[in-house]
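> One structure, as structure tokens, below. Some questions next.
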Protein chains: 4
Amino acid sequence: MIVVMKQSAKQSQIEHVRQRIEGLGLKSHVIVGEERTVVAAVGAKRQQGTREALESCEGVDNVVPILAPYKIASTEVQQHPSVVTIGSLTIGGGTIGVIAGPCSVEGEEQILETARQVKKGGATALRGGAFKPRTSPYSFQGLKEEGLRLLALAREETGLAIVTEVMTPSNVELVASYADVLQIGARNMQNYDLLAEVGKQPKPVLLKRGPSATMEEFLLAAEYILDQGNKQVLLCERGIRTFESHTRFTLPLASVPYLRQHTHLPIVIDPSHGTGKASLVAPMARAAVAVGCDGLIVEVHPSPEEAWSDGAQTLTPTAFEQMVAECSKVAEAVGMKIGT
Amino acid sequence: MIVVMKQSAKQSQIEHVRQRIEGLGLKSHVIVGEERTVVAAVGAKRQQGTREALESCEGVDNVVPILAPYKIASTEVQQHPSVVTIGSLTIGGGTIGVIAGPCSVEGEEQILETARQVKKGGATALRGGAFKPRTSPYSFQGLKEEGLRLLALAREETGLAIVTEVMTPSNVELVASYADVLQIGARNMQNYDLLAEVGKQPKPVLLKRGPSATMEEFLLAAEYILDQGNKQVLLCERGIRTFESHTRFTLPLASVPYLRQHTHLPIVIDPSHGTGKASLVAPMARAAVAVGCDGLIVEVHPSPEEAWSDGAQTLTPTAFEQMVAECSKVAEAVGMKIGT
Amino acid sequence: MIVVMKQSAKQSQIEHVRQRIEGLGLKSHVIVGEERTVVAAVGAKRQQGTREALESCEGVDNVVPILAPYKIASTEVQQHPSVVTIGSLTIGGGTIGVIAGPCSVEGEEQILETARQVKKGGATALRGGAFKPRTSPYSFQGLKEEGLRLLALAREETGLAIVTEVMTPSNVELVASYADVLQIGARNMQNYDLLAEVGKQPKPVLLKRGPSATMEEFLLAAEYILDQGNKQVLLCERGIRTFESHTRFTLPLASVPYLRQHTHLPIVIDPSHGTGKASLVAPMARAAVAVGCDGLIVEVHPSPEEAWSDGAQTLTPTAFEQMVAECSKVAEAVGMKIGT
Amino acid sequence: MIVVMKQSAKQSQIEHVRQRIEGLGLKSHVIVGEERTVVAAVGAKRQQGTREALESCEGVDNVVPILAPYKIASTEVQQHPSVVTIGSLTIGGGTIGVIAGPCSVEGEEQILETARQVKKGGATALRGGAFKPRTSPYSFQGLKEEGLRLLALAREETGLAIVTEVMTPSNVELVASYADVLQIGARNMQNYDLLAEVGKQPKPVLLKRGPSATMEEFLLAAEYILDQGNKQVLLCERGIRTFESHTRFTLPLASVPYLRQHTHLPIVIDPSHGTGKASLVAPMARAAVAVGCDGLIVEVHPSPEEAWSDGAQTLTPTAFEQMVAECSKVAEAVGMKIGT
């Protein structure tokens, strides 16, 4: 940790900072520049109060942390990439998993038909919302347990692994009893009680990045899950909120190589939410594969126009099949493969 | 709702959109422009599926909604401003409530001392975190129920109303049994199970805006609470995430007059989180009063440097007292008053 | 144009808006909804004052424009993609041009050596700054005309087309006398006198998107050039400013398919400025090719560590050669080709 | 400057960085932490290449600069606040100047009438665009020199100082021959040739912040002007581009106290562009005064609905007069005064 003093800092203030650092069990190094003084605090303890304590000292301009605050997620702890395998779905280690399905489970016929179609199109897992976080209280909120039951039925018929969202701690056990992968939605990325709860059960967790989360906040959210003992966390980039209005969110694919350098966790891209427009999904899926992602999650519905939610960003089964075919070629070009 | 067709849209596609609108129970009006056609869908029903269904139709470029999707929060439903009064705290109706206290409850002496000091400085309610949402799992997570107990003790001694955060539905009853106002943190603004739960109990709720929430999303989150029967919702602007890095968040004070035009709910400003720097808190508090807010929530600690969290943005009791004095003058200048 | 009236709008205000529309030479259609009235203004004239005049009328809530304000750049005017060819460089029509070179021209040996290396590595044009827009007045501002002369020398030896920036109208003639493609930097995207000036000369122009420009503003900036008669405009996406701090800018690759749908102009991606980190350049270049771009512009220096500017985002010749090899495979996978 | 090495950095890489620092004429201090090593580079020289050179060294994770890169603008160089006085306009030193007038000069009657009205309403200077930077090439571009002539006429009649924009270096002499204050628009904040040119003439310059400029970039743009010898620079905050769409820009008033801490230059707020909505202008003007600004610049037109540009954010003379009256009370409350 580097404490940058103000130019106007007095000697007594510098000395106070130095003593504060030592009092926190760290070593201090004072470096006197021609215009300013900085004080380095050295020691491996990531005590969270440290930064804040030093920032509040008089004469301090700002404090620059040096160590990444996450540990278990970090490549500093594990250097080889993690691979998550559950049922039909493999994500990581050169294999790109493709999770596809409707925004919401709407009924038996709809989910079974979608499951068949996405399997045919190349999906290795089925997504579908049973508990739906909706911006408005007046929107359809999902079929709840009935939706979970229908997803299990689709798995039974097609063999596809099931990915579905859990919104609140008290439902984790229920959702985990049906699902293969528990999804934490972007709105809940910092719902810490929920993160801890999914961390206590053994099913893999797909954690979506919040639309205004930094990379560090994203990895620390994963750390909440990992810290409870569940090591199977999939990071999902689904776009950030920016001034751009021609897309629903801005999908920053540089997240993939950045995360690869800093974490061993597999990285999934969601080009459906990341763009909000069906016509942009396939190009961004190809780009996601080229940039090196480990998985894709895509919204598909037999008839997007009839979908109860997210129709505008949903692919038809035909468009999905073509997308997977295109992505397969790109995957091959970068030494990866789509599928199982 | 206005459906804008693509320039290349065929007559059959326009006709399909028209039929779709009628099929949804709305009236359609086709307006043929020289370059494009638009189809208006008229009718009061705010069916959430409507927009999405129309966006997915072939030949559609985009859909522009006309009606605000929130109702109970809207000035269209209630035109006179709501006032929330609980114990020592009044917010709205020309009276600016001042909620002050430490980021975290750290112990009996700290919270009692702070309560005394902020009361002396002009606060009308005491804030303090017992359940703390922290970015890192390795940070101090709050004293939990013990913290609530200490807050109640501080109320007993000083008479100040207590504002404290609840993070998860299963704790709502517990927190509500101690607190006067339940706070929903920015990270939980779209934790819908939690919103519904606080909506079912009678204590007022202070709802913080998420750092990337639009005004519409913010008001719809309030709507989740209102829709459950709890009409005492305080909206709290605490800053949005932008590219600016010299402040922790960017505090957009134009939210106040904008919200005033669209909702009857009282509006509270948090200049501590909104700036992240103690030296910017008082100027922004003055500005918040001048722009017309109904309340302030400010972090104060007897010794910010010793605070277990958020020290850099925390005022000393002396600085707080001066801030309230300055704000009082500004309040008078705009025909309002600080306090009870 | 759709004029949305406030819910509280009086009949006389609606009538005033209607008359205003007719007075502007457009036809009006009043659509009375159950809660609100909207008035559509129909007519092909893109009179810029129209929107503003209507927005200012009393009782108006907001005005939604329907027509894109750009014309010459639009696919509505020209449907087949434009191809720009000059010397060794072809951009568009299935061929991906690769522009590479140092941030700044630093001297004869540096630029000649770089030119040889990037040609060997697969570049089809040479970039290099002679006039440098630098954030600080105390930074190196470029070799100016001497830099242009050295670029011409490099072209003479290698045959590579030259891409270089022009910063101010009075230098357009000078820069155009040496360069093959004139670059307009991101900071100057809305320097309208400069846009008009490069629009009056015949050399192709590479127009960089400003870091906070919307797609519409970007295309309207191109329109300034096109409107002067120069039809050879290359659009360059180089990243937008967002809250993300792990990259220098956020590079939104969805710009490529979006622009493809709305304009016939070729689209170039700059993964160097778009990420700011050498280790992220090659993955994002691959992604840019997969998403369907027409060109790449990349910073390369024989010794990035010795570069006078932008070293952290600059590739070595070896890394560049490998990047082109990877991109070639991806290009093939999507039915395109790199090069000439 | 603090060079943070990667955790995996080798001893030879650390040694290389150390030698590089010394080679650049700075002193190096190596601080070995338990997980990482950092190397401090000490010395007053703000050599711009330094950071970039060190960032490119192998084994370096990132480089943290310590010194502010601007000098003349800095409170480190001049501690007392600068005051700019020209004709009727005083900005700074406890006096809040009020610049008001139409977006564009439209004709003699319009500008004279506006000048009379804003003077009556409390303005101390007249704004009006003669050269207009417009997003679309098809929009009204200003009356040019005729507009300047009319502004001078308005000054003759009313005595108000004239503030008007200059867009390109070749027009600086012309505009300066009519205007009292030269305005640099937000789009041109980093048009360095223009900054240098206005820096060479003696009239004060009002520099608008670009919508995605950081504080550091803003102050460095001012430094370009100051560095040429012109010390009369007014900084104008007019809003940044964020995801918010209910306002045209987001107006971050925390800029005022932040800038006050870092620069002696006077600070002007533009609540018209900063919000884009007439109904938000007066509240934000009051807030700007409360937060401590030195000046306001506001759009006023005798009939906003008839204005050729920016009507939606333009006040009527009556609304303006009321705004100034409200601001005067707030100014008094914070120990300042509006006017001359």
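Chain identifiers are assigned as A, B, and so on, following the order in which chains appear in the structure tokens; residues are numbered from 1 within each chain, and ligands are numbered from 1 in order of appearance.
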Any chance you could fit chain C onto chain D with least squares, all Cα atoms in order, and share the moved copy as a short mmCIF file (atom, residue, chain, number, x, y, z; two decimals) with C-alpha atoms, in the first residue's frame?


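Output (superposed_24.cif):
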data_model
loop_
_atom_site.label_atom_id
_atom_site.label_comp_id
_atom_site.auth_asym_id
_atom_site.auth_seq_id
_atom_site.Cartn_x
_atom_site.Cartn_y
_atom_site.Cartn_z
CA MET C 1 6.02 7.54 -9.69
CA ILE C 2 5.43 4.10 -8.24
CA VAL C 3 6.18 1.08 -10.42
CA VAL C 4 4.23 -1.97 -9.25
CA MET C 5 5.89 -5.19 -10.37
CA LYS C 6 3.93 -8.35 -11.17
CA GLN C 7 3.98 -11.03 -8.53
CA SER C 8 5.80 -13.21 -11.02
CA ALA C 9 8.46 -10.56 -11.78
CA LYS C 10 12.00 -11.84 -11.80
CA GLN C 11 14.85 -10.21 -9.96
CA SER C 12 16.46 -9.28 -13.27
CA GLN C 13 13.29 -7.46 -14.35
CA ILE C 14 13.19 -5.50 -11.12
CA GLU C 15 16.81 -4.59 -11.59
CA HIS C 16 16.11 -3.52 -15.19
CA VAL C 17 13.34 -1.19 -14.01
CA ARG C 18 15.65 0.25 -11.41
CA GLN C 19 18.32 0.97 -13.98
CA ARG C 20 15.77 2.45 -16.37
CA ILE C 21 14.63 4.86 -13.65
CA GLU C 22 18.17 5.93 -12.88
CA GLY C 23 18.87 6.26 -16.60
CA LEU C 24 15.96 8.71 -16.82
CA GLY C 25 17.65 10.93 -14.26
CA LEU C 26 15.49 9.89 -11.32
CA LYS C 27 16.33 8.12 -8.09
CA SER C 28 15.00 4.60 -7.50
CA HIS C 29 13.87 2.99 -4.26
CA VAL C 30 13.11 -0.71 -4.31
CA ILE C 31 10.57 -1.85 -1.71
CA VAL C 32 10.28 -5.61 -1.37
CA GLY C 33 6.88 -6.70 -0.09
CA GLU C 34 5.91 -10.19 0.95
CA GLU C 35 3.97 -10.77 -2.25
CA ARG C 36 5.18 -8.10 -4.61
CA THR C 37 7.93 -5.59 -5.14
CA VAL C 38 7.36 -1.95 -5.96
CA VAL C 39 9.96 0.47 -7.21
CA ALA C 40 9.56 4.17 -6.46
CA ALA C 41 10.99 6.71 -8.90
CA VAL C 42 11.75 9.99 -7.20
CA GLY C 43 12.58 13.34 -8.78
CA ALA C 44 10.76 16.49 -9.72
CA LYS C 45 11.09 16.23 -13.47
CA ARG C 46 7.68 15.61 -15.02
CA GLN C 47 9.10 13.90 -18.06
CA GLN C 48 6.16 12.61 -19.97
CA GLY C 49 7.95 9.65 -21.46
CA THR C 50 8.85 8.30 -18.05
CA ARG C 51 5.57 6.65 -17.22
CA GLU C 52 5.24 5.10 -20.63
CA ALA C 53 8.79 3.82 -20.67
CA LEU C 54 8.31 2.13 -17.31
CA GLU C 55 4.89 0.72 -18.20
CA SER C 56 6.47 -1.08 -21.14
CA CYS C 57 9.19 -2.81 -19.13
CA GLU C 58 8.73 -6.53 -18.72
CA GLY C 59 7.49 -7.67 -15.35
CA VAL C 60 5.71 -4.37 -14.68
CA ASP C 61 2.06 -4.62 -13.64
CA ASN C 62 1.25 -0.92 -13.60
CA VAL C 63 2.66 2.51 -12.90
CA VAL C 64 1.07 4.96 -10.50
CA PRO C 65 1.95 8.61 -11.07
CA ILE C 66 2.23 10.79 -7.97
CA LEU C 67 2.61 14.34 -9.26
CA ALA C 68 -0.16 16.24 -10.96
CA PRO C 69 0.92 16.78 -14.55
CA TYR C 70 -0.35 20.37 -14.71
CA LYS C 71 1.65 23.19 -13.14
CA ILE C 72 0.52 26.72 -13.95
CA ALA C 73 -3.13 25.90 -13.23
CA SER C 74 -2.24 24.29 -9.94
CA THR C 75 -2.72 25.59 -6.42
CA GLU C 76 0.76 24.25 -5.89
CA VAL C 77 1.97 27.19 -7.97
CA GLN C 78 -0.58 29.87 -7.03
CA GLN C 79 -2.61 29.54 -3.87
CA HIS C 80 -4.90 32.58 -3.99
CA PRO C 81 -7.92 32.28 -6.30
CA SER C 82 -7.70 34.10 -9.63
CA VAL C 83 -10.32 36.73 -10.44
CA VAL C 84 -11.24 37.62 -14.00
CA THR C 85 -12.73 41.04 -14.67
CA ILE C 86 -13.62 42.41 -18.07
CA GLY C 87 -16.12 45.19 -18.66
CA SER C 88 -19.33 44.44 -16.77
CA LEU C 89 -18.25 40.92 -15.83
CA THR C 90 -16.46 39.88 -12.67
CA ILE C 91 -15.91 36.21 -11.94
CA GLY C 92 -14.22 35.05 -8.76
CA GLY C 93 -13.20 36.53 -5.43
CA GLY C 94 -16.66 36.18 -3.93
CA THR C 95 -18.52 37.65 -6.88
CA ILE C 96 -20.60 35.33 -9.05
CA GLY C 97 -20.79 36.49 -12.65
CA VAL C 98 -23.95 35.65 -14.58
CA ILE C 99 -23.58 35.13 -18.32
CA ALA C 100 -26.90 34.80 -20.13
CA GLY C 101 -28.27 34.89 -23.62
CA PRO C 102 -29.47 32.80 -26.52
CA CYS C 103 -27.82 29.70 -27.87
CA SER C 104 -27.48 31.38 -31.27
CA VAL C 105 -27.52 34.98 -32.40
CA GLU C 106 -30.46 34.95 -34.80
CA GLY C 107 -30.87 38.61 -35.77
CA GLU C 108 -30.59 42.17 -34.54
CA GLU C 109 -33.93 42.40 -32.83
CA GLN C 110 -33.57 39.02 -31.14
CA ILE C 111 -30.14 39.72 -29.67
CA LEU C 112 -30.85 43.31 -28.63
CA GLU C 113 -34.11 42.31 -27.00
CA THR C 114 -32.43 39.41 -25.18
CA ALA C 115 -29.57 41.65 -24.05
CA ARG C 116 -31.99 44.15 -22.54
CA GLN C 117 -33.99 41.43 -20.83
CA VAL C 118 -31.07 39.52 -19.34
CA LYS C 119 -29.51 42.77 -18.14
CA LYS C 120 -32.78 43.63 -16.44
CA GLY C 121 -32.89 40.09 -15.02
CA GLY C 122 -29.46 40.40 -13.43
CA ALA C 123 -26.96 39.17 -16.01
CA THR C 124 -23.50 40.70 -16.02
CA ALA C 125 -22.52 39.42 -19.46
CA LEU C 126 -24.24 38.38 -22.67
CA ARG C 127 -23.66 35.06 -24.36
CA GLY C 128 -24.66 34.20 -27.93
CA GLY C 129 -23.26 31.92 -30.61
CA ALA C 130 -22.13 33.42 -33.91
CA PHE C 131 -20.06 30.40 -34.94
CA LYS C 132 -22.07 27.33 -33.95
CA PRO C 133 -20.66 23.81 -33.67
CA ARG C 134 -23.64 21.66 -34.57
CA THR C 135 -23.84 17.89 -34.45
CA SER C 136 -25.37 17.76 -37.92
CA PRO C 137 -24.00 19.48 -41.02
CA TYR C 138 -27.59 20.22 -41.95
CA SER C 139 -28.27 22.36 -38.86
CA PHE C 140 -28.02 26.13 -38.69
CA GLN C 141 -24.32 26.96 -38.34
CA GLY C 142 -24.56 30.52 -37.04
CA LEU C 143 -24.55 34.03 -38.54
CA LYS C 144 -20.76 34.12 -38.30
CA GLU C 145 -19.19 37.61 -38.52
CA GLU C 146 -22.61 39.22 -38.82
CA GLY C 147 -23.45 37.57 -35.50
CA LEU C 148 -20.32 39.03 -33.92
CA ARG C 149 -21.27 42.47 -35.17
CA LEU C 150 -24.71 42.17 -33.62
CA LEU C 151 -23.20 41.09 -30.31
CA ALA C 152 -20.99 44.18 -30.34
CA LEU C 153 -24.08 46.26 -31.03
CA ALA C 154 -25.78 44.70 -28.00
CA ARG C 155 -22.75 45.54 -25.86
CA GLU C 156 -22.86 49.09 -27.10
CA GLU C 157 -26.46 49.48 -26.06
CA THR C 158 -26.44 47.59 -22.77
CA GLY C 159 -22.84 47.70 -21.61
CA LEU C 160 -22.83 43.93 -21.13
CA ALA C 161 -19.56 42.10 -21.77
CA ILE C 162 -19.77 39.63 -24.66
CA VAL C 163 -18.98 35.89 -24.38
CA THR C 164 -18.94 33.99 -27.66
CA GLU C 165 -17.44 30.83 -29.09
CA VAL C 166 -14.49 30.47 -31.43
CA MET C 167 -14.24 27.13 -33.23
CA THR C 168 -11.02 27.20 -35.22
CA PRO C 169 -7.57 28.81 -34.95
CA SER C 170 -7.94 30.94 -38.07
CA ASN C 171 -10.95 32.75 -36.57
CA VAL C 172 -9.40 33.60 -33.21
CA GLU C 173 -8.25 37.05 -34.30
CA LEU C 174 -11.64 37.85 -35.79
CA VAL C 175 -13.66 36.68 -32.80
CA ALA C 176 -11.28 38.35 -30.36
CA SER C 177 -11.75 41.66 -32.18
CA TYR C 178 -15.44 41.63 -31.18
CA ALA C 179 -15.71 39.50 -28.03
CA ASP C 180 -14.74 40.17 -24.44
CA VAL C 181 -14.43 36.52 -23.52
CA LEU C 182 -13.61 33.75 -26.02
CA GLN C 183 -15.46 30.52 -25.41
CA ILE C 184 -13.95 27.13 -26.26
CA GLY C 185 -16.77 24.64 -26.63
CA ALA C 186 -16.85 21.20 -25.04
CA ARG C 187 -16.23 19.48 -28.40
CA ASN C 188 -13.01 21.48 -28.79
CA MET C 189 -11.60 21.02 -25.31
CA GLN C 190 -8.77 18.97 -26.76
CA ASN C 191 -8.37 20.91 -30.01
CA TYR C 192 -4.83 21.79 -29.08
CA ASP C 193 -4.06 24.11 -31.98
CA LEU C 194 -7.09 26.16 -31.00
CA LEU C 195 -6.10 26.19 -27.33
CA ALA C 196 -2.62 27.39 -28.21
CA GLU C 197 -4.04 30.11 -30.44
CA VAL C 198 -6.39 31.56 -27.80
CA GLY C 199 -3.48 31.35 -25.40
CA LYS C 200 -1.52 33.77 -27.55
CA GLN C 201 -4.08 36.60 -27.40
CA PRO C 202 -4.99 38.62 -24.32
CA LYS C 203 -8.78 38.22 -23.93
CA PRO C 204 -10.05 35.87 -21.19
CA VAL C 205 -11.01 32.38 -22.30
CA LEU C 206 -13.97 30.35 -21.02
CA LEU C 207 -12.95 26.71 -21.45
CA LYS C 208 -15.75 24.15 -21.36
CA ARG C 209 -15.07 20.68 -20.04
CA GLY C 210 -15.43 17.95 -22.64
CA PRO C 211 -18.21 15.47 -21.84
CA SER C 212 -15.77 12.63 -21.23
CA ALA C 213 -12.77 14.55 -19.94
CA THR C 214 -11.29 13.70 -16.59
CA MET C 215 -10.43 16.52 -14.22
CA GLU C 216 -6.78 16.02 -15.11
CA GLU C 217 -7.44 16.27 -18.83
CA PHE C 218 -9.55 19.37 -18.21
CA LEU C 219 -6.78 21.09 -16.25
CA LEU C 220 -4.20 20.05 -18.82
CA ALA C 221 -6.33 21.64 -21.54
CA ALA C 222 -6.31 24.84 -19.48
CA GLU C 223 -2.57 24.41 -19.15
CA TYR C 224 -2.22 24.57 -22.95
CA ILE C 225 -3.72 28.07 -22.85
CA LEU C 226 -1.86 29.19 -19.73
CA ASP C 227 1.40 27.89 -21.13
CA GLN C 228 1.12 30.36 -24.04
CA GLY C 229 0.99 33.29 -21.65
CA ASN C 230 -2.74 33.92 -21.26
CA LYS C 231 -3.47 33.61 -17.54
CA GLN C 232 -7.18 34.49 -17.73
CA VAL C 233 -8.81 31.10 -18.07
CA LEU C 234 -12.32 30.37 -16.77
CA LEU C 235 -13.12 26.69 -16.27
CA CYS C 236 -16.68 25.77 -17.20
CA GLU C 237 -18.33 22.55 -16.02
CA ARG C 238 -21.23 21.75 -18.36
CA GLY C 239 -21.89 18.10 -17.67
CA ILE C 240 -20.49 14.73 -18.53
CA ARG C 241 -21.83 11.88 -20.59
CA THR C 242 -23.15 9.02 -18.50
CA PHE C 243 -25.81 6.33 -18.87
CA GLU C 244 -28.44 8.78 -17.60
CA SER C 245 -30.94 9.67 -20.28
CA HIS C 246 -33.45 11.80 -18.39
CA THR C 247 -31.02 14.69 -18.63
CA ARG C 248 -28.96 15.67 -21.69
CA PHE C 249 -25.76 15.35 -19.64
CA THR C 250 -25.05 14.63 -15.98
CA LEU C 251 -23.93 17.79 -14.17
CA PRO C 252 -21.46 16.81 -11.44
CA LEU C 253 -21.36 19.73 -9.02
CA ALA C 254 -18.66 18.08 -6.92
CA SER C 255 -16.35 19.37 -9.65
CA VAL C 256 -16.53 22.78 -8.01
CA PRO C 257 -15.04 21.96 -4.58
CA TYR C 258 -12.65 19.46 -6.19
CA LEU C 259 -11.34 22.04 -8.65
CA ARG C 260 -11.17 24.64 -5.87
CA GLN C 261 -8.74 22.38 -4.01
CA HIS C 262 -6.54 21.83 -7.05
CA THR C 263 -6.60 25.04 -9.08
CA HIS C 264 -6.79 28.79 -8.57
CA LEU C 265 -8.80 29.29 -11.78
CA PRO C 266 -12.42 30.51 -11.47
CA ILE C 267 -15.15 27.94 -12.01
CA VAL C 268 -18.33 28.56 -14.00
CA ILE C 269 -21.34 26.23 -14.12
CA ASP C 270 -23.60 25.77 -17.15
CA PRO C 271 -26.92 24.35 -15.89
CA SER C 272 -28.52 24.69 -19.34
CA HIS C 273 -26.32 22.20 -21.21
CA GLY C 274 -25.74 20.32 -17.96
CA THR C 275 -29.40 19.33 -17.78
CA GLY C 276 -30.90 20.01 -21.21
CA LYS C 277 -34.27 20.82 -19.68
CA ALA C 278 -35.54 24.29 -18.82
CA SER C 279 -37.40 23.02 -15.76
CA LEU C 280 -34.16 21.79 -14.17
CA VAL C 281 -32.05 24.89 -14.82
CA ALA C 282 -33.05 27.09 -11.88
CA PRO C 283 -32.72 24.35 -9.20
CA MET C 284 -29.28 23.40 -10.52
CA ALA C 285 -28.23 27.05 -10.71
CA ARG C 286 -29.16 27.45 -7.04
CA ALA C 287 -27.19 24.30 -6.22
CA ALA C 288 -24.20 25.58 -8.20
CA VAL C 289 -24.19 28.76 -6.13
CA ALA C 290 -24.53 26.81 -2.89
CA VAL C 291 -21.64 24.53 -3.80
CA GLY C 292 -19.44 27.56 -4.34
CA CYS C 293 -19.13 28.35 -8.05
CA ASP C 294 -17.77 31.67 -9.35
CA GLY C 295 -20.08 32.06 -12.30
CA LEU C 296 -23.14 30.83 -14.16
CA ILE C 297 -23.76 30.63 -17.88
CA VAL C 298 -27.40 30.20 -18.85
CA GLU C 299 -29.39 30.10 -22.07
CA VAL C 300 -32.19 32.68 -22.30
CA HIS C 301 -34.35 33.59 -25.29
CA PRO C 302 -37.35 35.95 -25.52
CA SER C 303 -39.34 33.04 -26.91
CA PRO C 304 -37.65 29.65 -26.38
CA GLU C 305 -40.17 27.98 -28.62
CA GLU C 306 -38.99 30.13 -31.53
CA ALA C 307 -35.27 29.64 -30.81
CA TRP C 308 -33.28 28.19 -33.72
CA SER C 309 -31.37 25.88 -31.37
CA ASP C 310 -31.48 24.46 -27.83
CA GLY C 311 -35.03 25.67 -27.17
CA ALA C 312 -35.83 22.87 -24.73
CA GLN C 313 -33.16 24.00 -22.27
CA THR C 314 -33.70 27.73 -22.70
CA LEU C 315 -35.31 29.98 -20.08
CA THR C 316 -37.71 32.80 -20.76
CA PRO C 317 -36.56 36.22 -19.51
CA THR C 318 -39.11 35.97 -16.70
CA ALA C 319 -37.88 32.57 -15.57
CA PHE C 320 -34.30 33.86 -15.76
CA GLU C 321 -35.09 36.86 -13.58
CA GLN C 322 -36.64 34.59 -10.98
CA MET C 323 -33.66 32.26 -11.14
CA VAL C 324 -31.26 35.13 -10.43
CA ALA C 325 -33.43 36.29 -7.54
CA GLU C 326 -33.35 32.81 -6.03
CA CYS C 327 -29.62 32.47 -6.62
CA SER C 328 -28.98 35.82 -4.95
CA LYS C 329 -30.56 34.58 -1.74
CA VAL C 330 -28.52 31.40 -1.82
CA ALA C 331 -25.36 33.39 -2.58
CA GLU C 332 -25.97 35.53 0.46
CA ALA C 333 -26.46 32.41 2.57
CA VAL C 334 -23.00 31.18 1.59
CA GLY C 335 -21.27 34.52 1.91
CA MET C 336 -21.05 35.36 -1.79
CA LYS C 337 -22.88 37.81 -4.02
CA ILE C 338 -24.29 37.73 -7.51
CA GLY C 339 -23.38 40.42 -9.94
CA THR C 340 -20.91 43.22 -10.16
#

> Per DSSP on the backbone, filter stretch 174-265 of chain C down to the residues in alpha helix (DSSP H) and report them as number ranges by chain.

C: 174-178, 192-199, 215-226, 255-262

> DSSP on the backbone: what in stretch 35-213 of chain A comes out strand (DSSP E or B), as JSON, numbers by chain?

{"A": [37, 38, 39, 40, 41, 42, 60, 61, 62, 63, 64, 74, 84, 85, 86, 89, 90, 91, 92, 95, 96, 97, 98, 99, 100, 101, 104, 125, 126, 127, 129, 161, 162, 163, 164, 165, 181, 182, 183, 184, 205, 206, 207, 208]}
